[in-house]
$ cat data01.txt   # compact mmCIF, C-alpha atoms and all ligand atoms
# COMPACT_ATOMS: atom_id res chain seq x y z
CA MET A 15 -3.25 27.96 -60.64
CA THR A 16 -6.27 26.00 -59.40
CA SER A 17 -5.94 22.22 -59.70
CA PRO A 18 -8.78 20.28 -61.38
CA LEU A 19 -9.63 18.81 -57.98
CA GLU A 20 -9.97 22.24 -56.36
CA GLU A 21 -11.84 23.70 -59.32
CA HIS A 22 -14.39 20.93 -59.59
CA TYR A 23 -14.80 20.53 -55.84
CA GLY A 24 -15.83 24.18 -56.06
CA TYR A 25 -18.58 23.44 -58.62
CA LEU A 26 -19.88 20.37 -56.79
CA ALA A 27 -19.95 22.26 -53.48
CA ILE A 28 -22.22 25.09 -54.74
CA ALA A 29 -25.26 24.78 -52.48
CA GLY A 30 -28.51 24.20 -54.34
CA ARG A 31 -26.99 23.74 -57.83
CA ALA A 32 -27.26 19.93 -57.96
CA GLU A 33 -30.90 20.09 -56.84
CA LEU A 34 -31.79 22.58 -59.58
CA TYR A 35 -30.08 20.46 -62.24
CA GLN A 36 -31.77 17.36 -60.79
CA ALA A 37 -35.19 18.98 -61.17
CA ALA A 38 -34.36 20.03 -64.74
CA ILE A 39 -33.05 16.56 -65.62
CA THR A 40 -36.11 14.84 -64.15
CA GLN A 41 -38.38 17.14 -66.14
CA THR A 42 -36.43 16.86 -69.40
CA ILE A 43 -34.80 13.44 -69.68
CA THR A 44 -36.71 10.32 -70.65
CA PRO A 45 -35.21 6.95 -69.59
CA GLY A 46 -33.16 5.61 -72.50
CA ASP A 47 -32.06 9.06 -73.72
CA THR A 48 -28.53 9.66 -74.95
CA ILE A 49 -26.87 12.87 -73.80
CA ALA A 50 -23.82 15.01 -74.55
CA ASP A 51 -22.38 16.66 -71.41
CA LEU A 52 -20.53 19.71 -72.78
CA GLY A 53 -17.52 20.78 -70.70
CA CYS A 54 -18.30 17.90 -68.36
CA GLY A 55 -15.45 18.45 -65.90
CA VAL A 56 -15.45 15.43 -63.56
CA GLY A 57 -18.73 14.30 -65.12
CA VAL A 58 -21.23 15.21 -62.42
CA LEU A 59 -24.11 16.36 -64.67
CA GLY A 60 -23.75 13.24 -66.83
CA LEU A 61 -23.77 11.12 -63.67
CA GLN A 62 -27.03 12.74 -62.58
CA CYS A 63 -28.47 11.93 -66.04
CA LEU A 64 -27.33 8.29 -65.76
CA HIS A 65 -29.07 8.01 -62.38
CA ALA A 66 -32.18 9.47 -64.05
CA GLY A 67 -32.14 6.62 -66.58
CA ALA A 68 -30.12 7.98 -69.51
CA SER A 69 -28.78 5.13 -71.61
CA HIS A 70 -25.49 6.74 -72.64
CA ILE A 71 -23.51 9.90 -71.87
CA TYR A 72 -20.81 11.47 -74.00
CA GLY A 73 -18.77 13.54 -71.53
CA ILE A 74 -16.52 16.06 -73.30
CA ASP A 75 -13.84 18.18 -71.64
CA TYR A 76 -10.45 19.35 -72.83
CA THR A 77 -8.75 19.41 -69.42
CA ASP A 78 -7.35 16.76 -67.07
CA ALA A 79 -10.75 16.73 -65.33
CA ILE A 80 -11.92 14.33 -68.05
CA GLU A 81 -9.55 11.67 -66.71
CA LEU A 82 -11.27 12.00 -63.32
CA ALA A 83 -14.66 11.63 -65.03
CA ARG A 84 -13.42 8.54 -66.89
CA GLU A 85 -12.08 6.85 -63.78
CA THR A 86 -15.12 7.80 -61.67
CA MET A 87 -17.42 6.07 -64.17
CA GLN A 88 -15.12 3.03 -64.34
CA ARG A 89 -15.00 2.71 -60.55
CA ALA A 90 -18.80 3.08 -60.36
CA GLY A 91 -19.24 0.34 -62.99
CA LEU A 92 -20.92 2.84 -65.33
CA ASP A 93 -18.26 2.92 -68.03
CA ASP A 94 -20.33 0.87 -70.49
CA ARG A 95 -22.81 3.80 -70.45
CA TYR A 96 -20.21 6.59 -70.43
CA THR A 97 -17.81 7.73 -73.13
CA ALA A 98 -15.18 10.17 -71.83
CA MET A 99 -13.83 12.37 -74.65
CA ARG A 100 -10.74 14.51 -74.09
CA ASP A 101 -11.46 17.18 -76.65
CA SER A 102 -12.93 20.59 -77.32
CA THR A 103 -16.69 20.45 -77.78
CA PHE A 104 -16.09 22.39 -81.00
CA ARG A 105 -13.98 19.54 -82.40
CA ALA A 106 -15.45 16.41 -80.79
CA VAL A 107 -17.32 14.13 -83.20
CA LEU A 108 -19.91 11.82 -81.61
CA PRO A 109 -20.74 8.42 -83.14
CA GLU A 110 -24.48 9.27 -83.02
CA LYS A 111 -26.79 12.24 -82.55
CA VAL A 112 -28.06 12.60 -78.98
CA ASP A 113 -31.46 13.32 -77.41
CA ALA A 114 -30.22 16.13 -75.16
CA LEU A 115 -27.34 18.48 -74.42
CA ILE A 116 -26.47 19.50 -70.89
CA CYS A 117 -23.86 21.88 -69.49
CA ASP A 118 -23.14 24.38 -66.78
CA HIS A 119 -21.13 26.80 -68.82
CA VAL A 120 -23.08 29.64 -67.26
CA GLY A 121 -20.66 32.50 -66.62
CA PHE A 122 -20.92 35.20 -63.96
CA PHE A 123 -22.93 37.32 -66.45
CA GLY A 124 -24.52 34.20 -67.98
CA PHE A 125 -23.13 34.35 -71.53
CA ASP A 126 -19.56 35.40 -70.77
CA TYR A 127 -17.87 31.98 -70.83
CA GLY A 128 -19.07 31.35 -74.37
CA ILE A 129 -22.09 29.13 -73.65
CA ILE A 130 -24.04 30.59 -76.59
CA ASP A 131 -21.52 29.54 -79.25
CA MET A 132 -20.72 26.27 -77.47
CA VAL A 133 -24.37 25.19 -77.44
CA ARG A 134 -25.03 26.56 -80.93
CA ASP A 135 -22.24 24.42 -82.36
CA ALA A 136 -23.28 21.31 -80.40
CA ARG A 137 -26.95 21.78 -81.34
CA ALA A 138 -26.04 21.83 -85.02
CA ARG A 139 -23.62 18.88 -84.96
CA MET A 140 -24.64 16.62 -82.07
CA LEU A 141 -28.35 17.02 -81.29
CA LYS A 142 -31.27 15.16 -82.86
CA PRO A 143 -33.94 17.44 -84.39
CA GLY A 144 -36.22 18.55 -81.56
CA GLY A 145 -33.71 17.44 -78.91
CA ALA A 146 -33.59 19.15 -75.52
CA VAL A 147 -31.03 21.64 -74.18
CA ILE A 148 -30.31 22.19 -70.46
CA PRO A 149 -30.09 25.13 -69.78
CA ARG A 150 -32.60 26.41 -72.33
CA ARG A 151 -32.43 30.18 -71.74
CA ILE A 152 -30.33 32.88 -70.11
CA ASP A 153 -31.47 36.41 -69.24
CA PRO A 154 -28.36 38.51 -68.45
CA THR A 155 -29.50 41.32 -66.15
CA ILE A 156 -27.99 44.64 -65.02
CA ALA A 157 -28.56 47.35 -62.40
CA GLY A 158 -26.70 50.48 -61.35
CA VAL A 159 -24.04 50.06 -58.66
CA SER A 160 -22.95 52.42 -55.93
CA SER A 161 -20.59 50.63 -53.59
CA GLU A 162 -17.22 51.15 -51.97
CA SER A 163 -16.01 47.64 -52.80
CA ALA A 164 -16.85 48.03 -56.51
CA ARG A 165 -15.22 51.48 -56.50
CA GLU A 166 -12.05 49.91 -55.15
CA LEU A 167 -11.93 47.54 -58.13
CA ALA A 168 -12.32 50.39 -60.62
CA ARG A 169 -9.51 52.46 -59.15
CA GLN A 170 -7.24 49.64 -58.02
CA TRP A 171 -4.40 50.53 -60.41
CA SER A 172 -4.64 54.30 -60.04
CA GLU A 173 -4.90 54.58 -56.27
CA ALA A 174 -3.23 51.50 -54.84
CA ASP A 175 0.16 51.91 -53.24
CA PHE A 176 1.92 50.57 -56.36
CA PRO A 177 4.85 52.11 -58.26
CA PRO A 178 3.43 55.10 -60.20
CA GLU A 179 4.65 53.57 -63.47
CA TYR A 180 1.57 51.30 -63.36
CA LYS A 181 -1.03 54.08 -63.11
CA TRP A 182 -1.66 53.93 -66.87
CA LEU A 183 -3.43 50.59 -66.23
CA ASN A 184 -6.29 52.60 -64.68
CA THR A 185 -7.85 52.75 -68.17
CA TYR A 186 -7.57 48.97 -68.46
CA ALA A 187 -9.26 48.46 -65.07
CA ARG A 188 -12.15 50.64 -66.17
CA ASN A 189 -12.61 48.67 -69.38
CA THR A 190 -12.61 45.35 -67.57
CA LYS A 191 -15.36 42.96 -66.57
CA HIS A 192 -14.56 42.44 -62.88
CA ALA A 193 -15.72 39.35 -61.00
CA HIS A 194 -17.34 40.70 -57.84
CA ASN A 195 -19.83 39.60 -55.21
CA ILE A 196 -22.53 42.24 -55.28
CA GLU A 197 -25.14 42.65 -52.54
CA ALA A 198 -28.64 44.12 -52.91
CA ALA A 199 -27.51 47.14 -50.84
CA ASP A 200 -24.86 47.93 -53.52
CA LEU A 201 -27.53 48.48 -56.19
CA CYS A 202 -28.85 51.97 -56.89
CA SER A 203 -31.52 51.21 -59.50
CA PRO A 204 -34.04 48.51 -60.32
CA ALA A 205 -32.77 45.58 -62.39
CA VAL A 206 -33.26 45.33 -66.16
CA ALA A 207 -32.74 42.25 -68.36
CA VAL A 208 -30.46 43.18 -71.28
CA ALA A 209 -31.37 40.15 -73.38
CA SER A 210 -33.23 36.88 -73.35
CA VAL A 211 -30.87 34.38 -74.93
CA ALA A 212 -32.56 31.20 -76.15
CA LEU A 213 -30.05 28.34 -76.10
CA ASP A 214 -32.46 25.92 -77.79
CA ALA A 215 -32.94 28.12 -80.88
CA GLU A 216 -30.80 30.11 -83.32
CA GLY A 217 -29.86 33.61 -82.18
CA PRO A 218 -27.71 36.53 -83.32
CA GLU A 219 -23.92 36.80 -83.01
CA LEU A 220 -24.20 40.25 -81.49
CA TYR A 221 -26.71 41.16 -78.77
CA SER A 222 -27.56 44.83 -78.21
CA PHE A 223 -29.49 46.58 -75.46
CA LYS A 224 -30.45 50.24 -75.06
CA GLY A 225 -32.40 51.59 -72.11
CA THR A 226 -32.39 53.76 -69.00
CA LEU A 227 -31.95 53.06 -65.31
CA GLU A 228 -34.02 55.12 -62.88
CA ILE A 229 -31.87 55.96 -59.88
CA ALA A 230 -33.39 54.94 -56.54
CA ARG A 231 -31.27 57.00 -54.12
CA ASP A 232 -28.81 59.91 -53.97
CA CYS A 233 -25.34 58.39 -54.39
CA GLN A 234 -22.29 58.06 -56.61
CA PHE A 235 -22.89 55.98 -59.76
CA ASP A 236 -19.90 53.65 -60.04
CA GLY A 237 -20.97 51.42 -62.90
CA LEU A 238 -23.13 48.41 -63.67
CA ALA A 239 -23.70 45.15 -61.85
CA GLY A 240 -24.37 42.13 -64.07
CA TRP A 241 -25.73 38.69 -63.26
CA PHE A 242 -27.79 35.89 -64.83
CA ASN A 243 -31.25 34.43 -64.54
CA CYS A 244 -30.95 31.07 -66.24
CA GLU A 245 -33.88 28.79 -67.06
CA LEU A 246 -32.55 25.22 -66.84
CA ALA A 247 -35.90 23.73 -67.90
CA ASP A 248 -39.49 24.94 -68.03
CA GLY A 249 -39.95 27.06 -64.87
CA ILE A 250 -36.71 25.89 -63.19
CA TRP A 251 -34.46 28.90 -62.70
CA MET A 252 -30.87 29.15 -61.50
CA THR A 253 -29.62 32.63 -60.61
CA ASN A 254 -26.76 34.48 -58.95
CA SER A 255 -28.90 37.62 -58.62
CA PRO A 256 -28.06 39.76 -55.57
CA LEU A 257 -31.84 40.32 -55.32
CA ALA A 258 -32.77 36.63 -55.11
CA GLU A 259 -33.09 34.81 -51.81
CA ALA A 260 -32.28 31.46 -53.40
CA ARG A 261 -29.20 32.39 -55.38
CA ILE A 262 -26.30 30.09 -56.09
CA ALA A 263 -22.86 31.12 -54.91
CA ARG A 264 -21.37 32.32 -58.19
CA SER A 265 -19.79 35.77 -58.50
CA ASN A 266 -21.50 38.62 -60.32
CA VAL A 267 -19.77 41.06 -62.64
CA PHE A 268 -18.99 44.72 -62.15
CA LEU A 269 -18.62 46.92 -65.23
CA PRO A 270 -17.13 50.27 -64.12
CA CYS A 271 -17.56 53.77 -65.55
CA LEU A 272 -14.51 55.67 -66.78
CA GLU A 273 -15.47 58.36 -64.24
CA ALA A 274 -17.96 57.76 -61.43
CA PHE A 275 -20.53 60.57 -61.11
CA PRO A 276 -23.10 61.80 -58.56
CA VAL A 277 -26.79 60.97 -59.10
CA LYS A 278 -30.03 61.82 -57.32
CA ALA A 279 -33.13 59.72 -56.72
CA GLY A 280 -35.32 59.88 -59.83
CA ASP A 281 -32.43 60.66 -62.26
CA MET A 282 -32.37 58.65 -65.47
CA VAL A 283 -29.01 57.16 -66.54
CA GLY A 284 -28.78 56.07 -70.17
CA ILE A 285 -27.28 52.64 -70.82
CA SER A 286 -26.34 50.72 -73.90
CA LEU A 287 -24.70 47.32 -73.78
CA ARG A 288 -23.50 44.95 -76.48
CA PHE A 289 -21.99 41.51 -76.24
CA THR A 290 -20.92 38.80 -78.64
CA SER A 291 -22.29 35.26 -78.69
CA ALA A 292 -18.67 34.10 -78.25
CA GLY A 293 -18.84 35.80 -74.85
CA ASP A 294 -15.44 37.41 -75.34
CA MET A 295 -16.46 41.03 -75.81
CA ILE A 296 -18.70 43.32 -73.78
CA ALA A 297 -19.12 47.02 -74.62
CA TRP A 298 -21.13 49.31 -72.37
CA THR A 299 -21.97 53.01 -72.56
CA VAL A 300 -23.22 54.98 -69.56
CA THR A 301 -24.71 58.43 -70.05
CA PRO A 302 -25.01 60.55 -66.88
CA PRO A 303 -28.09 62.81 -66.63
CA GLY A 304 -27.29 65.85 -68.78
CA GLY A 305 -23.73 64.56 -69.31
CA LYS A 306 -21.60 63.06 -72.06
CA PRO A 307 -21.71 59.30 -72.79
CA GLN A 308 -18.86 57.28 -71.29
CA LYS A 309 -17.88 54.40 -73.57
CA MET A 310 -16.21 51.32 -72.09
CA SER A 311 -15.35 47.99 -73.69
CA THR A 312 -13.40 44.88 -72.74
CA TRP A 313 -11.78 45.32 -76.17
CA ASN A 314 -9.88 48.28 -74.68
CA SER A 315 -8.31 46.11 -71.97
CA ARG A 316 -7.15 43.39 -74.36
CA ILE A 317 -3.47 42.72 -73.76
CA LEU A 318 -1.64 42.82 -77.06
CA THR A 319 1.32 40.49 -77.51
CA GLN A 320 4.29 41.21 -79.75
CA ALA A 321 2.77 38.68 -82.19
CA ASP A 322 -0.55 40.62 -82.22
CA LEU A 323 1.31 43.84 -82.94
CA ALA A 324 3.38 42.21 -85.70
CA ALA A 325 0.19 40.78 -87.26
CA ASP A 326 -1.38 44.26 -87.21
CA GLU A 327 1.67 45.63 -89.00
CA GLY A 328 1.54 42.87 -91.63
CA LYS A 329 4.93 41.40 -90.60
CA PRO A 330 5.51 37.66 -91.21
CA PRO A 331 5.17 35.73 -87.92
CA VAL A 332 8.37 34.15 -86.61
CA LEU A 333 8.54 31.14 -84.27
CA ASP A 334 10.07 31.88 -80.89
CA ARG A 335 12.08 29.31 -78.94
CA ASN A 336 8.92 27.74 -77.52
CA GLY A 337 7.44 27.45 -81.00
CA ARG A 338 10.59 25.84 -82.39
CA ALA A 339 10.61 23.36 -79.51
CA ARG A 340 6.95 22.45 -80.12
CA LEU A 341 7.60 22.00 -83.80
CA ALA A 342 10.52 19.66 -83.04
CA VAL A 343 8.27 17.49 -80.82
CA LEU A 344 5.28 17.45 -83.16
CA ALA A 345 7.42 16.47 -86.17
CA LEU A 346 8.33 13.23 -84.41
CA VAL A 347 4.79 12.16 -83.47
CA ASP A 348 4.16 9.58 -86.19
CA GLY A 349 2.19 6.82 -84.48
CA GLN A 350 5.38 4.69 -84.34
CA ARG A 351 7.75 6.35 -81.91
CA THR A 352 7.11 6.02 -78.16
CA ALA A 353 7.08 9.08 -75.90
CA ALA A 354 10.51 8.06 -74.54
CA GLU A 355 11.93 7.78 -78.07
CA ILE A 356 10.55 11.20 -79.03
CA GLU A 357 12.05 12.70 -75.89
CA ALA A 358 15.47 11.14 -76.59
CA GLN A 359 15.46 12.27 -80.22
CA VAL A 360 14.49 15.87 -79.46
CA LEU A 361 17.16 16.03 -76.77
CA ALA A 362 19.78 14.70 -79.19
CA SER A 363 18.81 16.81 -82.20
CA GLN A 364 17.98 20.11 -80.45
CA PRO A 365 20.47 20.40 -77.59
CA ASP A 366 20.32 24.23 -77.62
CA LEU A 367 16.55 24.68 -77.36
CA PHE A 368 16.49 24.20 -73.59
CA PRO A 369 18.78 25.42 -70.82
CA THR A 370 18.89 22.00 -69.14
CA THR A 371 17.91 18.43 -70.05
CA ASP A 372 15.44 18.42 -67.11
CA GLU A 373 13.66 21.42 -68.62
CA ALA A 374 13.68 19.70 -72.03
CA SER A 375 12.11 16.53 -70.58
CA ARG A 376 9.44 18.54 -68.73
CA PHE A 377 8.56 20.49 -71.86
CA ILE A 378 8.41 17.42 -74.11
CA ARG A 379 6.23 15.47 -71.66
CA ALA A 380 3.87 18.44 -71.27
CA GLU A 381 3.60 18.76 -75.07
CA LEU A 382 2.86 15.04 -75.46
CA GLY A 383 0.31 15.34 -72.61
CA ARG A 384 -1.43 18.20 -74.46
CA LEU A 385 -1.79 15.85 -77.41
CA GLY A 386 -3.29 13.22 -75.09
CA LEU A 387 -0.27 10.91 -75.60
C1 LIG B 1 -17.91 25.47 -65.26
S1 LIG B 1 -17.07 23.96 -65.50
C2 LIG B 1 -18.42 22.83 -65.35
C3 LIG B 1 -18.00 21.43 -65.08
C4 LIG B 1 -19.16 20.45 -64.92
N1 LIG B 1 -19.98 20.38 -66.12
C5 LIG B 1 -20.03 20.83 -63.74
O1 LIG B 1 -21.17 21.22 -64.00
O2 LIG B 1 -19.59 20.73 -62.61
C6 LIG B 1 -16.74 24.05 -67.22
C7 LIG B 1 -15.88 22.94 -67.78
O3 LIG B 1 -15.95 23.04 -69.19
C8 LIG B 1 -14.67 22.79 -69.75
N2 LIG B 1 -14.69 23.45 -71.07
C9 LIG B 1 -14.88 24.76 -71.32
N3 LIG B 1 -14.99 24.98 -72.65
C10 LIG B 1 -14.84 23.77 -73.24
C11 LIG B 1 -14.85 23.33 -74.59
N4 LIG B 1 -15.09 24.17 -75.60
N5 LIG B 1 -14.62 22.03 -74.84
C12 LIG B 1 -14.40 21.16 -73.84
N6 LIG B 1 -14.41 21.51 -72.53
C13 LIG B 1 -14.63 22.80 -72.24
C14 LIG B 1 -13.70 23.31 -68.73
O4 LIG B 1 -12.47 22.62 -68.85
C15 LIG B 1 -14.42 22.98 -67.41
O5 LIG B 1 -14.04 21.71 -66.94
$ encode --input "data01.txt" --output "structure tokens"
Amino acid sequence: MTSPLEEHYGYLAIAGRAELYQAAITQTITPGDTIADLGCGVGVLGLQCLHAGASHIYGIDYTDAIELARETMQRAGLDDRYTAMRDSTFRAVLPEKVDALICDHVGFFGFDYGIIDMVRDARARMLKPGGAVIPRRIDPTIAGVSSESARELARQWSEADFPPEYKWLNTYARNTKHAHNIEAADLCSPAVAVASVALDAEGPELYSFKGTLEIARDCQFDGLAGWFNCELADGIWMTNSPLAEARIARSNVFLPCLEAFPVKAGDMVGISLRFTSAGDMIAWTVTPPGGKPQKMSTWNSRILTQADLAADEGKPPVLDRNGRARLAVLALVDGQRTAAEIEAQVLASQPDLFPTTDEASRFIRAELGRLGL
């Protein structure tokens, strides 16, 4: 698992990103503005806004990164202008409405980390009427892909030297959105924007695209490449497009076909693509010239737990050992007991929930940490 330090070093180190956000902030923010930094991580976008003259930042993140943001602002003597909130943006309640929202929740395909719903919720609950949103628009874009490296991803479970028992996962791999670095040479058609998603205005919950891709060369059609063109502010664009010279280093997506097929220059391949504003579902259909439509969807690679299956069958849910342990901890959080007292009481009252007392202590501390205690 990546540590918060590694993860956020990765974001800060993306060449060119800070400059693009700086240009957007300079164009959008007026000195004295208040700003909500959604999914702020270690707080870097809020810090840029403070340097641009913002009067107060509400930095919101539900991971440990928020503690790094908090301490960074304290050490820099900026904590009187920075409120660090350890929370989900969907739950956080600000003491005032703000002049602008900022975030970099731009996924590999633009919308696929849930930026649309995150900003929609924050716009409704946190933003003053007419307030600004950075980024303001995302155009997710696709093109046909013919490339050995993408092909490898699509057939990784069926052709790798794994035990044959895992070959059934081939269908999952072909209904998966793969993170992949795609080069211009991997594309076999011109690019087409599948939507223009306004983040500063209301939009639908389901986006649909239908169109055709004209094939540029004789090759094997492996699937679709996806990327984003994202307008941070008027005329300031951030992109991970394989076709752009000035692209930021963020992966693209590869959406495979169930079966790759041969195409010739000038062929037309039919495409339809749908995605939800939550960013959690992408469905794509590829119709070969003169062939039958191939229907793929990330829904088909959803991993169902025993609880999901029980819910589908209408069975009453039952707490497992983890659930019972969580319940035991939560029942003791009353605003009076200290963490050490809760730990001692759970250990005494539930001796059989954990194999060892060390494991019990680790679990209880992690649970209290999740609650921010
Ligand atoms: C892509 S990182 C960006 C971090 C930082 N804003 C930057 O630009 O470097 C996204 C961050 O958003 C946080 N995050 C994602 N969804 C969130 C939500 N609904 N509420 C709070 N934090 C969220 C993640 O924990 C992660 O730190």
$ residues_around --input "data01.txt" --residues "Ile152 (chain A)" --least-positions-apart "4" --cutoff "7 Å" --atoms "all atoms listed in the file" --output "NGL selection string"
:A and (124 or 210-212 or 242-245)
$ closest_residue --input "data01.txt" --among "A:Ser222, A:Gly240, A:Ser311, A:Lys329" --to "Leu287 (chain A)" --atoms "only C-alpha atoms"
A:Ser222
$ atom_distance --input "data01.txt" --atom1 "CA of Arg338 (chain A)" --atom2 "CA of Arg105 (chain A)"
25.4 Å
$ residues_around --input "data01.txt" --residues "region 346-357 of chain A" --least-positions-apart "4" --cutoff "8 Å" --atoms "all atoms listed in the file" --output "PyMOL selection string"
chain A and resi 342+361+375+378-379+382+387
$ axis_aligned_box --input "data01.txt" --around "ligand LIG 1 (chain B)" --padding-each-side "8 Å" --output "JSON"
{"center_x": -16.8, "center_y": 22.9, "center_z": -69.1, "size_x": 24.7, "size_y": 21.1, "size_z": 29.0}
$ residues_around --input "data01.txt" --residues "Gly144 (chain A)" --least-positions-apart "2" --cutoff "10 Å" --atoms "only C-alpha atoms" --output "list in words"
Asp113, Ala114, Arg137, Leu141, Lys142, Ala146, Val147 and Asp214 of chain A
$ residues_around --input "data01.txt" --residues "Met140 (chain A)" --least-positions-apart "3" --cutoff "12 Å" --atoms "only C-alpha atoms" --output "PyMOL selection string"
chain A and resi 48-52+72+74+103-116+132-137+143-147
$ residues_near_ligand --input "data01.txt" --ligand "ligand LIG 1 (chain B)" --cutoff "9 Å" --atoms "all atoms listed in the file" --output "PDB file with C-alpha atoms, in the coordinates of the input"
ATOM      1  CA  PRO A  18      -8.780  20.280 -61.380  1.00  0.00           C
ATOM      2  CA  GLU A  21     -11.840  23.700 -59.320  1.00  0.00           C
ATOM      3  CA  HIS A  22     -14.390  20.930 -59.590  1.00  0.00           C
ATOM      4  CA  TYR A  23     -14.800  20.530 -55.840  1.00  0.00           C
ATOM      5  CA  GLY A  24     -15.830  24.180 -56.060  1.00  0.00           C
ATOM      6  CA  TYR A  25     -18.580  23.440 -58.620  1.00  0.00           C
ATOM      7  CA  LEU A  26     -19.880  20.370 -56.790  1.00  0.00           C
ATOM      8  CA  ARG A  31     -26.990  23.740 -57.830  1.00  0.00           C
ATOM      9  CA  ALA A  32     -27.260  19.930 -57.960  1.00  0.00           C
ATOM     10  CA  ASP A  51     -22.380  16.660 -71.410  1.00  0.00           C
ATOM     11  CA  LEU A  52     -20.530  19.710 -72.780  1.00  0.00           C
ATOM     12  CA  GLY A  53     -17.520  20.780 -70.700  1.00  0.00           C
ATOM     13  CA  CYS A  54     -18.300  17.900 -68.360  1.00  0.00           C
ATOM     14  CA  GLY A  55     -15.450  18.450 -65.900  1.00  0.00           C
ATOM     15  CA  VAL A  56     -15.450  15.430 -63.560  1.00  0.00           C
ATOM     16  CA  GLY A  57     -18.730  14.300 -65.120  1.00  0.00           C
ATOM     17  CA  VAL A  58     -21.230  15.210 -62.420  1.00  0.00           C
ATOM     18  CA  LEU A  59     -24.110  16.360 -64.670  1.00  0.00           C
ATOM     19  CA  GLY A  60     -23.750  13.240 -66.830  1.00  0.00           C
ATOM     20  CA  GLY A  73     -18.770  13.540 -71.530  1.00  0.00           C
ATOM     21  CA  ILE A  74     -16.520  16.060 -73.300  1.00  0.00           C
ATOM     22  CA  ASP A  75     -13.840  18.180 -71.640  1.00  0.00           C
ATOM     23  CA  TYR A  76     -10.450  19.350 -72.830  1.00  0.00           C
ATOM     24  CA  THR A  77      -8.750  19.410 -69.420  1.00  0.00           C
ATOM     25  CA  ASP A  78      -7.350  16.760 -67.070  1.00  0.00           C
ATOM     26  CA  ALA A  79     -10.750  16.730 -65.330  1.00  0.00           C
ATOM     27  CA  ILE A  80     -11.920  14.330 -68.050  1.00  0.00           C
ATOM     28  CA  MET A  99     -13.830  12.370 -74.650  1.00  0.00           C
ATOM     29  CA  ARG A 100     -10.740  14.510 -74.090  1.00  0.00           C
ATOM     30  CA  ASP A 101     -11.460  17.180 -76.650  1.00  0.00           C
ATOM     31  CA  SER A 102     -12.930  20.590 -77.320  1.00  0.00           C
ATOM     32  CA  THR A 103     -16.690  20.450 -77.780  1.00  0.00           C
ATOM     33  CA  PHE A 104     -16.090  22.390 -81.000  1.00  0.00           C
ATOM     34  CA  ARG A 105     -13.980  19.540 -82.400  1.00  0.00           C
ATOM     35  CA  ALA A 106     -15.450  16.410 -80.790  1.00  0.00           C
ATOM     36  CA  ILE A 116     -26.470  19.500 -70.890  1.00  0.00           C
ATOM     37  CA  CYS A 117     -23.860  21.880 -69.490  1.00  0.00           C
ATOM     38  CA  ASP A 118     -23.140  24.380 -66.780  1.00  0.00           C
ATOM     39  CA  HIS A 119     -21.130  26.800 -68.820  1.00  0.00           C
ATOM     40  CA  VAL A 120     -23.080  29.640 -67.260  1.00  0.00           C
ATOM     41  CA  GLY A 121     -20.660  32.500 -66.620  1.00  0.00           C
ATOM     42  CA  TYR A 127     -17.870  31.980 -70.830  1.00  0.00           C
ATOM     43  CA  GLY A 128     -19.070  31.350 -74.370  1.00  0.00           C
ATOM     44  CA  ILE A 129     -22.090  29.130 -73.650  1.00  0.00           C
ATOM     45  CA  MET A 132     -20.720  26.270 -77.470  1.00  0.00           C
TER      46      MET A 132
END
$ residues_around --input "data01.txt" --residues "Leu341 (chain A)" --least-positions-apart "4" --cutoff "12 Å" --atoms "all atoms listed in the file" --output "list of chain:residue names"
A:Leu333, A:Asp334, A:Arg335, A:Asn336, A:Gly337, A:Ala345, A:Leu346, A:Val347, A:Val360, A:Gln364, A:Leu367, A:Ile378, A:Glu381, A:Leu382
$ write_last_selection --input "data01.txt" --atoms "C-alpha atoms" --output "short mmCIF file (atom, residue, chain, number, x, y, z; two decimals), in the coordinates of the input"
data_model
loop_
_atom_site.label_atom_id
_atom_site.label_comp_id
_atom_site.auth_asym_id
_atom_site.auth_seq_id
_atom_site.Cartn_x
_atom_site.Cartn_y
_atom_site.Cartn_z
CA LEU A 333 8.54 31.14 -84.27
CA ASP A 334 10.07 31.88 -80.89
CA ARG A 335 12.08 29.31 -78.94
CA ASN A 336 8.92 27.74 -77.52
CA GLY A 337 7.44 27.45 -81.00
CA ALA A 345 7.42 16.47 -86.17
CA LEU A 346 8.33 13.23 -84.41
CA VAL A 347 4.79 12.16 -83.47
CA VAL A 360 14.49 15.87 -79.46
CA GLN A 364 17.98 20.11 -80.45
CA LEU A 367 16.55 24.68 -77.36
CA ILE A 378 8.41 17.42 -74.11
CA GLU A 381 3.60 18.76 -75.07
CA LEU A 382 2.86 15.04 -75.46
#
$ atom_distance --input "data01.txt" --atom1 "CA of Met282 (chain A)" --atom2 "CA of Asn254 (chain A)"
25.7 Å
$ closest_residue --input "data01.txt" --among "A:Ala247, A:Leu183, A:Leu257, A:Ala164" --to "Gln36 (chain A)" --atoms "only C-alpha atoms"
A:Ala247
$ closest_residue --input "data01.txt" --among "A:Ala339, A:Ala90, A:Val206, A:Leu64" --to "Arg376 (chain A)" --atoms "all atoms listed in the file"
A:Ala339
$ atom_distance --input "data01.txt" --atom1 "CA of Gly30 (chain A)" --atom2 "CA of Glu216 (chain A)"
29.7 Å
